[in-house]
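Read through the structure below, which is laid out as structure tokens, and then see the notes.
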Amino acid sequence: MKYTNKTKSAIVAAAVLVAALVSVPQSAFAGTATATMAVTATVQTDCTVTANPLPFGNYSGAALNVSTTIGVTCTNTTPYNVGLSAGSATGATVTTRAMTISGGGQTLSYQLLSTSFTGTNWGNTAATNWVGGTGNGSAQTLTVYGVVPASQFPTPGSYSDSITVTVNY
């Protein structure tokens with residue numbers, strides 16, 4: 001195909017125009033619009049609790065004092081109270097806890113205290129023998145002091161109990 005000078009000039013002019021249009025910033029052709037997007041969340045009060053075992057070890061009639069810890073994690077500024085159940089022994093209360101020998105029958109008395117080995121009984125009654133605090137968003141450690149009183153002489157064997165740890169918030 002043979003082009004005339006006029007055609008060649010038109011093709012070059014069209015190419016220059018296209019190149020010029022491509023190099024023009026897009027903002028020269030469009031407006032700008034903005035909007036605000038609201039972002040929200042509601043933080044609910046929440047707590048979790050963990051409990052470590054309380055292994056008294058071997059008992060030979062002398063008093064045993066052993067401690068363990070409970071971990072409480074609550075949302076910041078959330079007040080909480082932690083209670084300990086009476087345990088699973090028949091007739092046990094928070095002031096007369098007992099471990100039971102495997103197979104049942106015999107018991108070994110013990111106490112769970114909140115302030116020291118000679119301190120305050122830790123029970124499960126609101127405003128009486130709970131341990132309280134205020135959450136800070138991190139795990140908080142509470143110490144449980146366990147005491148097996150002296151001068152008990154039940155049948156030899158393995159004794160155990162199960163305590164429910166409850167956090168109220």
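To be explicit about the labels: the chains of the structure tokens are called A, B, and onward in the order shown, and within each one the residues are counted from 1, while ligands get numbers from 1 in the order they are shown.
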
Review point. Could you pull the residues within 7 Å of A:Gly137, counting only C-alpha atoms, minus those fewer than 5 positions along the same chain, as a PyMOL selection string?
Key: chain A and resi 73-76

Neighbouring residues of A:Ser67 were defined as those with any atom within 12 Å, considering only C-alpha atoms; residues of the same chain fewer than 5 positions away were excluded. Please report them as a compact mmCIF listing (two decimals) with C-alpha atoms, in the first residue's frame.
```txt
# COMPACT_ATOMS: atom_id res chain seq x y z
CA ALA A 51 -5.88 -24.07 87.56
CA ASN A 52 -2.69 -25.98 88.28
CA PRO A 53 -2.71 -29.26 90.25
CA LEU A 54 -2.12 -29.30 94.01
CA PRO A 55 0.03 -32.39 94.70
CA PHE A 56 0.46 -32.89 98.45
CA GLY A 57 2.84 -35.81 97.98
CA GLN A 111 -7.93 -27.10 103.64
CA LEU A 112 -7.60 -24.58 100.83
CA LEU A 113 -6.63 -21.10 102.01
CA SER A 114 -6.29 -17.78 100.23
CA THR A 115 -3.78 -15.69 102.18
CA SER A 116 -1.21 -18.08 103.70
CA PHE A 117 -0.88 -21.57 105.13
CA LEU A 142 -3.65 -16.18 92.53
CA THR A 143 -1.96 -18.49 95.04
CA VAL A 144 -3.88 -21.35 96.66
CA TYR A 145 -2.40 -22.57 99.95
CA GLY A 146 -3.17 -26.23 100.68
CA VAL A 147 -2.87 -27.74 104.16
CA VAL A 148 -3.27 -31.35 105.24
```

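The space between atom CA of A:Thr96 and atom CA of A:Tyr110 spans 7.2 Å.
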
Check your understanding: Got a sec: who's within 12 Å of A:Gly135, counting only C-alpha atoms, leaving out chain neighbours fewer than 3 positions off, as a PyMOL selection string?
Key -> chain A and resi 45-49+71-81+132+138-141+167-169

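Taking atom CA of A:Ala126 and atom CA of A:Val66 as the two end points, the separation is 25.3 Å.
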
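Take atom CA of A:Ser160 and atom CA of A:Ile101: the distance between them is 6.6 Å.
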
**Study point:** Picked from chain A by DSSP as strand (DSSP E or B), as a VMD selection string
**Key:** chain A and resid 47 to 51 64 to 74 79 to 84 97 to 101 107 to 113 121 131 to 134 139 to 148 159 to 160 165 to 168

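In this comparison, which uses only C-alpha atoms, the residue of A:Ser85, A:Asn136, A:Thr128, A:Ser102 approaching A:Ile163 most closely is A:Ser85.
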